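Structure file work12.txt; described as compact mmCIF, C-alpha atoms and all ligand atoms.
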```
# COMPACT_ATOMS: atom_id res chain seq x y z
CA GLY I 281 -17.06 -0.43 -35.95
CA ILE I 282 -19.14 0.59 -32.92
CA GLU I 283 -21.38 2.82 -35.07
CA LEU I 284 -21.88 0.04 -37.64
CA GLY I 285 -22.78 -2.36 -34.82
CA LYS I 286 -25.40 0.08 -33.49
CA LEU I 287 -26.83 0.58 -36.97
CA LEU I 288 -27.14 -3.19 -37.56
CA ALA I 289 -28.77 -3.69 -34.15
CA SER I 290 -31.37 -1.03 -34.98
CA THR I 291 -32.31 -2.90 -38.18
CA GLY I 292 -33.01 -6.09 -36.22
CA TYR I 293 -30.11 -8.06 -37.76
CA ILE I 294 -28.17 -10.29 -35.39
CA THR I 295 -24.64 -11.58 -35.92
CA TYR I 296 -24.58 -15.33 -35.26
CA ASP I 297 -21.06 -16.14 -34.10
CA PRO I 298 -20.87 -19.18 -31.77
CA GLY I 299 -17.78 -19.02 -29.60
CA PHE I 300 -17.31 -15.35 -30.64
CA VAL I 301 -14.75 -16.45 -33.21
CA ASN I 302 -15.02 -13.19 -35.11
CA THR I 303 -16.66 -10.81 -32.65
CA GLY I 304 -14.68 -7.96 -31.13
CA SER I 305 -16.29 -7.43 -27.73
CA THR I 306 -14.19 -4.41 -26.81
CA ALA I 307 -11.37 -2.08 -27.77
CA SER I 308 -8.32 -2.69 -25.58
CA ALA I 309 -4.83 -1.20 -25.24
CA ILE I 310 -3.37 -3.96 -23.05
CA THR I 311 -2.21 -6.94 -25.10
CA PHE I 312 -1.46 -7.46 -28.78
CA ILE I 313 -1.51 -10.90 -30.41
CA ASP I 314 -0.74 -11.78 -34.02
CA GLY I 315 -1.75 -15.42 -34.10
CA ASP I 316 -0.41 -16.11 -37.60
CA ALA I 317 3.02 -14.69 -36.87
CA GLY I 318 3.17 -16.06 -33.28
CA ILE I 319 3.58 -12.59 -31.72
CA LEU I 320 2.54 -11.60 -28.19
CA ARG I 321 3.16 -8.17 -26.63
CA TYR I 322 2.06 -6.65 -23.33
CA ARG I 323 1.56 -2.87 -23.68
CA GLY I 324 3.80 -3.00 -26.75
CA TYR I 325 6.68 -4.92 -25.14
CA PRO I 326 7.49 -8.32 -26.76
CA ILE I 327 6.87 -11.24 -24.42
CA GLU I 328 10.38 -12.57 -25.11
CA GLN I 329 11.97 -9.39 -23.71
CA LEU I 330 9.72 -9.30 -20.66
CA ALA I 331 10.41 -12.99 -20.01
CA GLU I 332 14.14 -12.42 -20.14
CA ARG I 333 14.52 -9.08 -18.39
CA SER I 334 11.48 -8.29 -16.26
CA ASN I 335 9.77 -9.90 -13.27
CA PHE I 336 6.19 -10.70 -12.36
CA ILE I 337 5.56 -7.70 -10.08
CA GLU I 338 6.91 -5.31 -12.70
CA VAL I 339 4.84 -6.98 -15.45
CA SER I 340 1.75 -6.73 -13.22
CA TYR I 341 2.38 -2.99 -12.85
CA LEU I 342 2.89 -2.66 -16.61
CA LEU I 343 -0.37 -4.44 -17.44
CA ILE I 344 -2.44 -2.57 -14.87
CA TYR I 345 -1.03 0.96 -15.23
CA GLY I 346 0.15 0.89 -18.86
CA GLU I 347 3.84 1.77 -18.40
CA LEU I 348 6.90 0.13 -16.88
CA PRO I 349 7.35 1.55 -13.36
CA THR I 350 10.19 3.83 -12.33
CA ALA I 351 12.35 2.51 -9.47
CA THR I 352 10.31 4.55 -6.94
CA GLN I 353 6.97 3.42 -8.39
CA LEU I 354 8.12 -0.20 -8.32
CA GLU I 355 9.26 0.04 -4.72
CA ASP I 356 6.03 1.71 -3.67
CA PHE I 357 3.92 -0.92 -5.49
CA THR I 358 5.94 -3.80 -4.01
CA THR I 359 5.68 -2.34 -0.48
CA LYS I 360 1.92 -1.92 -0.79
CA ILE I 361 1.52 -5.53 -1.91
CA ARG I 362 3.73 -6.79 0.95
CA ARG I 363 1.57 -4.94 3.46
CA HIS I 364 -1.59 -6.71 2.40
CA THR I 365 -0.55 -10.37 2.24
CA LEU I 366 -2.16 -11.33 5.58
CA LEU I 367 -5.70 -12.70 5.62
CA HIS I 368 -8.33 -11.83 8.17
CA GLU I 369 -8.26 -14.65 10.77
CA ASP I 370 -11.95 -15.39 10.12
CA LEU I 371 -11.21 -15.90 6.45
CA LYS I 372 -8.81 -18.69 7.40
CA ARG I 373 -11.67 -20.55 9.07
CA PHE I 374 -13.56 -20.37 5.77
CA PHE I 375 -11.33 -23.20 4.49
CA ASP I 376 -12.63 -25.55 7.21
CA GLY I 377 -15.99 -25.79 5.45
CA PHE I 378 -14.60 -27.59 2.40
CA PRO I 379 -13.95 -31.31 2.12
CA ARG I 380 -10.24 -32.06 2.32
CA ASP I 381 -10.12 -33.54 -1.18
CA ALA I 382 -11.91 -30.53 -2.72
CA HIS I 383 -10.44 -29.25 -5.98
CA PRO I 384 -8.45 -26.09 -5.16
CA MET I 385 -9.94 -24.02 -8.02
CA PRO I 386 -13.50 -23.77 -6.65
CA VAL I 387 -11.98 -23.27 -3.19
CA LEU I 388 -9.92 -20.35 -4.49
CA SER I 389 -12.82 -18.86 -6.43
CA SER I 390 -15.07 -19.04 -3.34
CA ALA I 391 -12.41 -17.44 -1.15
CA VAL I 392 -11.92 -14.58 -3.64
CA SER I 393 -15.68 -14.14 -3.81
CA ALA I 394 -15.74 -13.98 0.00
CA LEU I 395 -13.34 -11.00 -0.09
CA SER I 396 -16.38 -8.85 -0.98
CA THR I 397 -17.84 -9.72 2.42
CA PHE I 398 -14.64 -8.88 4.32
CA TYR I 399 -13.99 -5.64 2.39
CA GLN I 400 -17.39 -4.07 1.98
CA ASP I 401 -15.69 -0.82 0.98
CA SER I 402 -15.03 -2.55 -2.37
CA LEU I 403 -18.60 -2.61 -3.65
CA ASN I 404 -18.62 0.62 -5.68
CA PRO I 405 -16.64 0.00 -8.90
CA PHE I 406 -16.32 3.75 -9.58
CA ASP I 407 -14.67 4.59 -6.25
CA GLU I 408 -11.13 4.85 -7.60
CA PRO I 409 -9.20 4.80 -4.28
CA ASN I 410 -11.06 1.62 -3.35
CA VAL I 411 -10.47 0.04 -6.74
CA GLU I 412 -6.79 0.76 -6.13
CA LEU I 413 -7.04 -0.87 -2.70
CA SER I 414 -8.89 -3.90 -4.10
CA THR I 415 -6.18 -4.25 -6.77
CA VAL I 416 -3.45 -4.38 -4.14
CA ARG I 417 -5.48 -6.65 -1.88
CA LEU I 418 -5.99 -9.13 -4.71
CA LEU I 419 -2.36 -9.20 -5.82
CA ALA I 420 -1.26 -9.64 -2.21
CA LYS I 421 -3.89 -12.02 -0.86
CA VAL I 422 -4.58 -14.40 -3.75
CA PRO I 423 -1.14 -16.08 -3.35
CA THR I 424 -1.89 -16.51 0.37
CA LEU I 425 -5.35 -17.93 -0.41
CA ALA I 426 -3.85 -20.25 -3.02
CA ALA I 427 -1.20 -21.52 -0.59
CA TYR I 428 -3.90 -22.13 2.04
CA ALA I 429 -6.00 -24.06 -0.49
CA TYR I 430 -2.93 -26.28 -0.95
CA LYS I 431 -2.30 -26.62 2.80
CA LYS I 432 -5.93 -27.57 3.31
CA SER I 433 -5.64 -30.34 0.69
CA VAL I 434 -2.59 -31.89 2.37
CA GLY I 435 -3.82 -31.37 5.93
CA GLN I 436 -0.91 -29.15 7.01
CA PRO I 437 -1.11 -25.98 9.14
CA PHE I 438 -1.36 -22.59 7.42
CA LEU I 439 1.76 -20.45 7.50
CA TYR I 440 1.59 -16.69 7.92
CA PRO I 441 3.22 -14.75 5.10
CA ASP I 442 6.80 -13.65 5.67
CA ASN I 443 6.96 -10.15 4.25
CA SER I 444 10.71 -10.04 4.13
CA LEU I 445 10.34 -12.27 1.06
CA GLY I 446 9.35 -11.46 -2.52
CA LEU I 447 5.90 -12.43 -3.82
CA VAL I 448 6.90 -15.72 -5.47
CA GLU I 449 9.30 -16.71 -2.67
CA ASN I 450 6.63 -15.99 -0.08
CA PHE I 451 4.12 -18.08 -2.00
CA LEU I 452 6.57 -21.01 -2.27
CA ARG I 453 7.28 -20.85 1.46
CA MET I 454 3.61 -20.65 2.46
CA THR I 455 2.89 -23.60 0.15
CA PHE I 456 5.76 -25.96 0.92
CA GLY I 457 7.13 -24.69 4.24
CA LEU I 458 6.33 -26.13 7.67
CA PRO I 459 6.08 -24.11 10.90
CA ALA I 460 8.82 -25.96 12.73
CA GLU I 461 11.32 -26.14 9.89
CA PRO I 462 13.29 -23.51 8.00
CA TYR I 463 12.36 -23.44 4.33
CA GLU I 464 15.17 -22.82 1.94
CA ILE I 465 14.13 -21.13 -1.29
CA ASP I 466 15.95 -22.22 -4.40
CA PRO I 467 16.39 -19.00 -6.45
CA GLU I 468 16.24 -20.94 -9.72
CA VAL I 469 12.93 -22.50 -8.73
CA ALA I 470 11.56 -19.06 -7.74
CA ARG I 471 12.77 -17.59 -11.03
CA ALA I 472 11.14 -20.42 -13.03
CA LEU I 473 7.80 -19.83 -11.32
CA ASP I 474 8.11 -16.06 -11.73
CA LEU I 475 8.75 -16.61 -15.45
CA LEU I 476 5.71 -18.84 -15.79
CA PHE I 477 3.59 -16.18 -14.08
CA ILE I 478 4.88 -13.55 -16.56
CA LEU I 479 3.99 -15.78 -19.51
CA HIS I 480 0.47 -16.32 -18.20
CA ALA I 481 -0.15 -12.73 -17.10
CA ASP I 482 -2.43 -11.68 -19.96
CA HIS I 483 -3.81 -12.94 -23.22
CA GLU I 484 -6.44 -10.40 -24.31
CA GLN I 485 -10.06 -11.60 -24.67
CA ASN I 486 -9.68 -15.28 -23.69
CA CYS I 487 -12.55 -17.11 -21.97
CA SER I 488 -11.72 -16.11 -18.37
CA THR I 489 -10.82 -12.48 -19.18
CA SER I 490 -14.00 -12.10 -21.22
CA THR I 491 -15.87 -13.54 -18.23
CA VAL I 492 -14.27 -10.98 -15.90
CA ARG I 493 -15.31 -8.21 -18.29
CA LEU I 494 -18.83 -9.56 -18.79
CA VAL I 495 -19.50 -9.90 -15.05
CA GLY I 496 -17.86 -6.50 -14.44
CA SER I 497 -19.99 -4.88 -17.14
CA SER I 498 -22.96 -5.25 -14.78
CA GLU I 499 -20.89 -3.07 -12.39
CA ALA I 500 -20.18 -6.01 -10.10
CA ASN I 501 -17.02 -5.27 -8.10
CA LEU I 502 -13.50 -6.49 -8.80
CA PHE I 503 -13.61 -9.43 -6.35
CA ALA I 504 -16.89 -10.79 -7.75
CA SER I 505 -15.66 -10.46 -11.35
CA ILE I 506 -12.35 -12.17 -10.67
CA SER I 507 -13.99 -14.97 -8.73
CA ALA I 508 -16.07 -15.67 -11.87
CA GLY I 509 -12.93 -15.51 -14.03
CA ILE I 510 -11.27 -18.16 -11.87
CA MET I 511 -14.19 -20.49 -12.51
CA ALA I 512 -13.99 -19.88 -16.27
CA LEU I 513 -10.31 -20.78 -16.09
CA PHE I 514 -11.17 -24.05 -14.29
CA GLY I 515 -12.44 -25.76 -17.49
CA PRO I 516 -10.15 -28.24 -19.30
CA LEU I 517 -10.39 -26.37 -22.61
CA HIS I 518 -8.92 -23.29 -20.92
CA GLY I 519 -6.69 -23.19 -17.81
CA GLY I 520 -7.59 -26.73 -16.83
CA ALA I 521 -5.61 -27.86 -19.89
CA ASN I 522 -2.35 -27.81 -17.91
CA SER I 523 -3.64 -30.54 -15.57
CA ALA I 524 -5.28 -32.34 -18.48
CA VAL I 525 -1.92 -32.52 -20.32
CA LEU I 526 -0.35 -34.28 -17.36
CA ASP I 527 -3.29 -36.69 -17.08
CA MET I 528 -2.93 -37.40 -20.81
CA LEU I 529 0.84 -38.04 -20.54
CA GLU I 530 0.31 -40.29 -17.49
CA GLY I 531 -2.36 -42.19 -19.45
CA ILE I 532 0.00 -42.75 -22.40
CA LYS I 533 2.74 -43.91 -20.00
CA ALA I 534 0.37 -46.29 -18.19
CA GLU I 535 -0.56 -47.87 -21.53
CA GLY I 536 3.05 -48.62 -22.39
CA GLY I 537 4.14 -45.24 -23.82
CA ASP I 538 2.72 -45.86 -27.30
CA VAL I 539 2.56 -42.30 -28.64
CA ALA I 540 1.60 -43.29 -32.20
CA ARG I 541 -1.42 -45.22 -30.92
CA PHE I 542 -2.60 -42.23 -28.91
CA VAL I 543 -2.20 -39.89 -31.89
CA THR I 544 -4.30 -42.27 -34.00
CA ARG I 545 -7.06 -42.14 -31.37
CA VAL I 546 -6.94 -38.33 -31.50
CA LYS I 547 -7.14 -38.33 -35.29
CA ASN I 548 -10.06 -40.77 -35.20
CA LYS I 549 -11.79 -38.19 -33.00
CA GLU I 550 -12.61 -40.70 -30.29
CA LYS I 551 -15.00 -39.04 -27.87
CA GLY I 552 -13.12 -37.06 -25.24
CA VAL I 553 -9.71 -37.74 -26.80
CA ARG I 554 -7.92 -34.53 -27.84
CA LEU I 555 -4.28 -33.71 -27.89
CA MET I 556 -4.36 -31.57 -24.77
CA GLY I 557 -1.98 -28.61 -24.78
CA PHE I 558 -2.27 -28.39 -28.56
CA GLY I 559 -4.26 -25.91 -30.61
CA HIS I 560 -5.39 -22.39 -29.93
CA ARG I 561 -8.22 -20.19 -31.08
CA VAL I 562 -5.87 -17.38 -32.05
CA TYR I 563 -2.41 -18.89 -32.60
CA LYS I 564 -2.17 -20.68 -35.90
CA ASN I 565 1.57 -20.90 -35.45
CA TYR I 566 3.84 -21.94 -32.58
CA ASP I 567 2.62 -20.20 -29.38
CA PRO I 568 5.55 -17.87 -28.48
CA ARG I 569 5.04 -18.69 -24.79
CA ALA I 570 5.39 -22.42 -25.50
CA LYS I 571 8.81 -21.83 -27.08
CA ILE I 572 10.09 -20.11 -23.93
CA ILE I 573 8.52 -22.72 -21.66
CA LYS I 574 9.96 -25.66 -23.56
CA ARG I 575 13.47 -24.29 -22.92
CA THR I 576 12.64 -23.70 -19.25
CA ALA I 577 11.29 -27.23 -18.87
CA ASP I 578 14.59 -28.63 -20.14
CA GLN I 579 16.65 -26.36 -17.87
CA ILE I 580 14.67 -26.76 -14.66
CA LEU I 581 14.32 -30.53 -15.00
CA ALA I 582 18.07 -30.83 -15.63
CA LYS I 583 18.85 -28.52 -12.70
CA LEU I 584 16.57 -30.41 -10.29
CA GLY I 585 18.03 -33.66 -11.56
CA VAL I 586 14.58 -34.94 -12.45
CA SER I 587 14.53 -37.45 -15.24
CA ASP I 588 10.90 -37.53 -16.18
CA GLN I 589 9.68 -40.12 -18.64
CA LEU I 590 6.70 -37.87 -19.20
CA LEU I 591 9.00 -35.21 -20.70
CA ASP I 592 10.25 -37.78 -23.22
CA ILE I 593 6.67 -38.75 -24.06
CA ALA I 594 5.74 -35.05 -24.44
CA LYS I 595 8.64 -34.44 -26.82
CA GLU I 596 7.81 -37.51 -28.89
CA LEU I 597 4.17 -36.45 -28.98
CA GLU I 598 5.13 -32.98 -30.19
CA GLU I 599 7.44 -34.34 -32.89
CA THR I 600 4.84 -36.85 -34.07
CA ALA I 601 2.08 -34.24 -34.22
CA LEU I 602 4.18 -31.57 -35.92
CA SER I 603 5.06 -33.95 -38.75
CA ASP I 604 1.53 -35.29 -39.19
CA ASP I 605 -0.77 -33.83 -41.86
CA TYR I 606 -3.81 -33.93 -39.58
CA PHE I 607 -2.23 -31.42 -37.19
CA VAL I 608 -0.35 -29.45 -39.87
CA GLN I 609 -3.51 -28.85 -41.93
CA ARG I 610 -5.43 -27.69 -38.87
CA LYS I 611 -2.49 -25.52 -37.76
CA LEU I 612 -2.33 -27.21 -34.38
CA TYR I 613 0.84 -26.35 -32.42
CA PRO I 614 1.74 -26.72 -28.75
CA ASN I 615 0.18 -23.97 -26.65
CA VAL I 616 1.39 -22.42 -23.40
CA ASP I 617 0.20 -25.38 -21.36
CA PHE I 618 1.88 -28.23 -23.18
CA TYR I 619 5.05 -28.07 -21.06
CA THR I 620 4.01 -26.08 -17.97
CA GLY I 621 2.62 -29.11 -16.13
CA LEU I 622 5.97 -30.88 -16.35
CA ILE I 623 7.67 -27.89 -14.72
CA TYR I 624 5.03 -27.57 -11.99
CA ARG I 625 5.36 -31.28 -11.30
CA ALA I 626 9.15 -31.01 -11.05
CA LEU I 627 8.67 -28.14 -8.57
CA GLY I 628 6.56 -30.45 -6.41
CA PHE I 629 3.01 -29.24 -7.12
CA PRO I 630 0.27 -31.88 -7.39
CA THR I 631 -1.58 -32.02 -10.74
CA LYS I 632 -4.82 -30.67 -9.28
CA PHE I 633 -3.00 -27.50 -8.26
CA PHE I 634 -1.63 -26.56 -11.71
CA THR I 635 -4.62 -24.48 -12.74
CA VAL I 636 -4.35 -22.47 -9.51
CA LEU I 637 -0.84 -21.50 -10.63
CA PHE I 638 -2.28 -20.33 -13.94
CA ALA I 639 -4.79 -18.22 -11.99
CA LEU I 640 -2.00 -16.61 -9.97
CA GLY I 641 -0.24 -15.66 -13.19
CA ARG I 642 -3.39 -14.41 -14.96
CA LEU I 643 -4.54 -12.27 -12.03
CA PRO I 644 -2.90 -8.95 -13.10
CA GLY I 645 -4.32 -9.38 -16.61
CA TRP I 646 -7.85 -9.83 -15.25
CA ILE I 647 -7.42 -6.79 -13.03
CA ALA I 648 -6.06 -4.68 -15.89
CA HIS I 649 -9.01 -5.63 -18.12
CA TRP I 650 -11.61 -5.00 -15.43
CA ARG I 651 -10.15 -1.55 -14.76
CA GLU I 652 -9.92 -0.72 -18.47
CA MET I 653 -13.54 -1.82 -18.90
CA ILE I 654 -14.82 0.24 -15.94
CA GLN I 655 -13.01 3.39 -17.15
CA ASP I 656 -14.05 3.02 -20.81
CA PRO I 657 -16.97 5.35 -21.67
CA ALA I 658 -17.96 2.91 -24.47
CA THR I 659 -18.65 0.12 -21.92
CA LYS I 660 -22.23 -1.16 -21.84
CA ILE I 661 -23.61 -4.11 -19.92
CA GLY I 662 -22.68 -7.27 -21.86
CA ARG I 663 -25.86 -8.71 -23.27
CA PRO I 664 -25.53 -10.89 -26.40
CA ARG I 665 -28.54 -11.76 -28.52
CA GLN I 666 -29.62 -15.21 -29.73
CA ILE I 667 -31.23 -16.94 -32.68
CA TYR I 668 -34.36 -18.54 -31.25
CA THR I 669 -34.83 -22.14 -32.44
CA GLY I 670 -37.64 -23.26 -30.14
CA GLU I 671 -41.36 -23.94 -30.59
CA LYS I 672 -43.80 -21.64 -32.37
CA PRO I 673 -46.56 -20.22 -30.12
CA ARG I 674 -48.81 -22.99 -28.73
CA GLU I 675 -51.69 -23.37 -26.30
CA TYR I 676 -51.11 -24.45 -22.71
CA VAL I 677 -52.28 -28.05 -22.07
CA GLY I 678 -53.71 -28.90 -18.64
CA LEU I 679 -51.92 -31.53 -16.52
CA GLY I 680 -54.67 -34.13 -16.96
CA GLU I 681 -54.61 -33.84 -20.78
CA ARG I 682 -50.87 -34.38 -21.39
N1 LIG I 701 -6.47 -32.14 -30.59
C1 LIG I 701 -7.02 -32.67 -31.71
N2 LIG I 701 -7.73 -31.97 -32.61
C2 LIG I 701 -7.90 -30.67 -32.35
C3 LIG I 701 -7.36 -30.06 -31.20
C4 LIG I 701 -6.61 -30.85 -30.32
N3 LIG I 701 -6.08 -30.31 -29.24
N4 LIG I 701 -7.69 -28.74 -31.22
C5 LIG I 701 -8.40 -28.54 -32.33
N5 LIG I 701 -8.54 -29.71 -33.02
C6 LIG I 701 -9.20 -29.90 -34.32
C7 LIG I 701 -10.69 -29.93 -34.17
O1 LIG I 701 -11.18 -31.23 -33.99
C8 LIG I 701 -11.14 -29.33 -35.49
O2 LIG I 701 -11.02 -30.31 -36.48
P1 LIG I 701 -12.15 -30.46 -37.63
O3 LIG I 701 -12.03 -29.21 -38.46
O4 LIG I 701 -11.81 -31.71 -38.36
O5 LIG I 701 -13.46 -30.54 -36.92
C9 LIG I 701 -10.08 -28.28 -35.79
O6 LIG I 701 -8.90 -28.75 -35.11
C10 LIG I 701 -10.44 -26.89 -35.28
O7 LIG I 701 -10.68 -26.97 -33.87
P2 LIG I 701 -11.74 -26.13 -33.06
O8 LIG I 701 -12.24 -26.97 -31.94
O9 LIG I 701 -12.74 -25.52 -33.99
O10 LIG I 701 -10.82 -24.96 -32.52
P3 LIG I 701 -11.21 -23.93 -31.40
O11 LIG I 701 -10.56 -22.66 -31.77
O12 LIG I 701 -12.68 -23.91 -31.16
O13 LIG I 701 -10.54 -24.58 -30.09
C11 LIG I 701 -9.05 -25.05 -28.36
C12 LIG I 701 -9.39 -24.11 -29.52
C13 LIG I 701 -10.24 -25.13 -27.38
C14 LIG I 701 -7.84 -24.50 -27.61
C15 LIG I 701 -8.74 -26.46 -28.95
O14 LIG I 701 -7.62 -26.38 -29.79
C16 LIG I 701 -8.54 -27.51 -27.86
O15 LIG I 701 -9.51 -28.11 -27.38
N6 LIG I 701 -7.25 -27.75 -27.42
C17 LIG I 701 -6.97 -28.68 -26.37
C18 LIG I 701 -7.21 -28.00 -25.02
C19 LIG I 701 -6.14 -26.99 -24.68
O16 LIG I 701 -4.95 -27.24 -24.80
N7 LIG I 701 -6.59 -25.83 -24.23
C20 LIG I 701 -5.68 -24.75 -23.80
C21 LIG I 701 -5.85 -23.57 -24.70
S1 LIG I 701 -4.68 -22.34 -24.32
C22 LIG I 701 -5.20 -21.72 -22.88
O17 LIG I 701 -6.32 -21.62 -22.51
C23 LIG I 701 -4.17 -21.32 -22.04
```
Is it possible to give me this structure as structure tokens?
Amino acid sequence: GIELGKLLASTGYITYDPGFVNTGSTASAITFIDGDAGILRYRGYPIEQLAERSNFIEVSYLLIYGELPTATQLEDFTTKIRRHTLLHEDLKRFFDGFPRDAHPMPVLSSAVSALSTFYQDSLNPFDEPNVELSTVRLLAKVPTLAAYAYKKSVGQPFLYPDNSLGLVENFLRMTFGLPAEPYEIDPEVARALDLLFILHADHEQNCSTSTVRLVGSSEANLFASISAGIMALFGPLHGGANSAVLDMLEGIKAEGGDVARFVTRVKNKEKGVRLMGFGHRVYKNYDPRAKIIKRTADQILAKLGVSDQLLDIAKELEETALSDDYFVQRKLYPNVDFYTGLIYRALGFPTKFFTVLFALGRLPGWIAHWREMIQDPATKIGRPRQIYTGEKPREYVGLGER
């Protein structure tokens, strides 16, 4: 494939493939997807087995290093991450510069970008010990940065990490805890969030991961590349879909809960009206992650005693769409984000924060891809071509003659 690509490039032919629907940008050994069969595997392990039996730290290790860790490797990895959860005190002040109602995604991306200034030893992407250190720093500090972005938005004081806790528990405490009050962690809530992180941890060459690789292909360091990936995830057609689903469900509820009317608007292709949380570039069958999440949504809402009218609307919407020819013909099924927002909401997160939770989950996948890209001898700087559609050559016209 690579040789054929080189040959075609030398003849001057260009492949025109908007949205890279059929362009393989890289070889990768990390994640396998069969979109027609609804299969997802990380390093060969089915997502269903990882969701049931593994945890987020172990899955992060698997994605980044290629194998499940031994007990000693897992303990060593976990200890290293625990040691790096604190932020430099000056980095905390960084948050003061943002307006209080700022969206947490650009705040998080800026803070991750700023890590390059605090850790200037990270600038050489080929310095393997430092890449290792940057990996651990990211996995440890991004949850702290995310919790601080939340604290900033609600005007509460930042909490230092408590390293006697696990990664997810620590994140929950830094987000929802208060300095003067003990914060009790509900293990079922922590497990639900851990599960959601596992399900989001990688998804091969999606928009944000491709962004991380493209930025990294210029030999920009890990922090810079991941900061860019976070911004790619921000958009409503990608990670922003989880917030957009909630906004959509709220909108339907506010207009009297008429699901059929909303579906008609979608089918009429009214501008800006899509069935958010439905459809996927690769899955033309039920997204295997959505199946797991739907079950979790039912369980966690029942456990927390939340009766959410939005869950009823979501279920009705799914049933209506799945039995409607418009969606069947286009192979549109619920994707990972159709039900996640309802769980995040039940856990107490505001809608604006949902995409940050996606970023926390996707982080090990981005890191794994950046590292695979940097180590791959076939990597070249990403530089697509174009089909020029502009003016033919013409003479410059002076200002007075235009
Ligand atoms: N609602 C209504 N119609 C849809 C939807 C949808 N959610 N998704 C696709 N379609 C229709 C399109 O209008 C198009 O119809 P047409 O052939 O009559 O023009 C057809 O299905 C094909 O759609 P494309 O836009 O070509 O599909 P593409 O692969 O480019 O888009 C995407 C995939 C962006 C995910 C799209 O399905 C979408 O916008 N979904 C809603 C947003 C969303 O949930 N994003 C999250 C994706 S998963 C993730 O990032 C975690």
Quiz item: With distances taken over only C-alpha atoms and all ligand atoms, which of I:Phe300, I:Tyr463, I:Tyr345, I:Phe456 is nearest to ligand LIG 701 (chain I)?
Solution: I:Phe300
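Residue nearest ligand LIG 701 (chain I) within the list I:Asp356, I:Asp314, I:Glu681, I:Asp604: I:Asp604 [criterion: smallest interatomic distance, only C-alpha atoms and all ligand atoms].
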Practice problem: Counting only C-alpha atoms and all ligand atoms, name the residues that have an atom within 7 Å of an atom of ligand LIG 701 (chain I); the answer should be given as a PyMOL selection string. | Solution: chain I and resi 516-519+521+546-547+554-561+610+612+615-617
Could those selected residues go to a file with C-alpha atoms, as an mmCIF file, in the frame of the given file?
```cif
data_model
loop_
_atom_site.group_PDB
_atom_site.id
_atom_site.type_symbol
_atom_site.label_atom_id
_atom_site.label_comp_id
_atom_site.auth_asym_id
_atom_site.auth_seq_id
_atom_site.Cartn_x
_atom_site.Cartn_y
_atom_site.Cartn_z
ATOM 1 C CA PRO I 516 -10.150 -28.240 -19.300
ATOM 2 C CA LEU I 517 -10.390 -26.370 -22.610
ATOM 3 C CA HIS I 518 -8.920 -23.290 -20.920
ATOM 4 C CA GLY I 519 -6.690 -23.190 -17.810
ATOM 5 C CA ALA I 521 -5.610 -27.860 -19.890
ATOM 6 C CA VAL I 546 -6.940 -38.330 -31.500
ATOM 7 C CA LYS I 547 -7.140 -38.330 -35.290
ATOM 8 C CA ARG I 554 -7.920 -34.530 -27.840
ATOM 9 C CA LEU I 555 -4.280 -33.710 -27.890
ATOM 10 C CA MET I 556 -4.360 -31.570 -24.770
ATOM 11 C CA GLY I 557 -1.980 -28.610 -24.780
ATOM 12 C CA PHE I 558 -2.270 -28.390 -28.560
ATOM 13 C CA GLY I 559 -4.260 -25.910 -30.610
ATOM 14 C CA HIS I 560 -5.390 -22.390 -29.930
ATOM 15 C CA ARG I 561 -8.220 -20.190 -31.080
ATOM 16 C CA ARG I 610 -5.430 -27.690 -38.870
ATOM 17 C CA LEU I 612 -2.330 -27.210 -34.380
ATOM 18 C CA ASN I 615 0.180 -23.970 -26.650
ATOM 19 C CA VAL I 616 1.390 -22.420 -23.400
ATOM 20 C CA ASP I 617 0.200 -25.380 -21.360
#
```
When you look at Thr544 of chain I with a cut-off of 12 Å (counting all atoms listed in the file), what residues show up, excluding the ones that are within fewer than 4 positions of it in the same chain? I need them as a PDB file with C-alpha atoms, keeping the file's coordinate frame.
```pdb
ATOM      1  CA  ASP I 538       2.720 -45.860 -27.300  1.00  0.00           C
ATOM      2  CA  VAL I 539       2.560 -42.300 -28.640  1.00  0.00           C
ATOM      3  CA  ALA I 540       1.600 -43.290 -32.200  1.00  0.00           C
ATOM      4  CA  ASN I 548     -10.060 -40.770 -35.200  1.00  0.00           C
ATOM      5  CA  LYS I 549     -11.790 -38.190 -33.000  1.00  0.00           C
ATOM      6  CA  GLU I 550     -12.610 -40.700 -30.290  1.00  0.00           C
ATOM      7  CA  VAL I 553      -9.710 -37.740 -26.800  1.00  0.00           C
ATOM      8  CA  ARG I 554      -7.920 -34.530 -27.840  1.00  0.00           C
ATOM      9  CA  LEU I 555      -4.280 -33.710 -27.890  1.00  0.00           C
ATOM     10  CA  LEU I 597       4.170 -36.450 -28.980  1.00  0.00           C
ATOM     11  CA  THR I 600       4.840 -36.850 -34.070  1.00  0.00           C
ATOM     12  CA  ALA I 601       2.080 -34.240 -34.220  1.00  0.00           C
ATOM     13  CA  ASP I 604       1.530 -35.290 -39.190  1.00  0.00           C
ATOM     14  CA  TYR I 606      -3.810 -33.930 -39.580  1.00  0.00           C
ATOM     15  CA  PHE I 607      -2.230 -31.420 -37.190  1.00  0.00           C
TER      16      PHE I 607
END
```
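Shortest separation to Glu499 of chain I among I:Arg642, I:Lys431, I:Arg363, I:Lys660 occurs at residue I:Lys660, atoms counted being all atoms listed in the file.
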Quiz item: Could you name the residues that touch Leu367 of chain I at 12 Å or less, counting all atoms listed in the file, but leaving out those on the same chain fewer than 5 positions away, as a count of residues only?
Solution: 25
Exercise. Would you be able to write out as JSON, numbers by chain which residues have an atom within 9 Å of (10.3, -18.1, -25.1) in the file's coordinates, counting only C-alpha atoms?
Key: {"I": [327, 328, 329, 331, 332, 479, 568, 569, 570, 571, 572, 573, 574, 575, 576]}
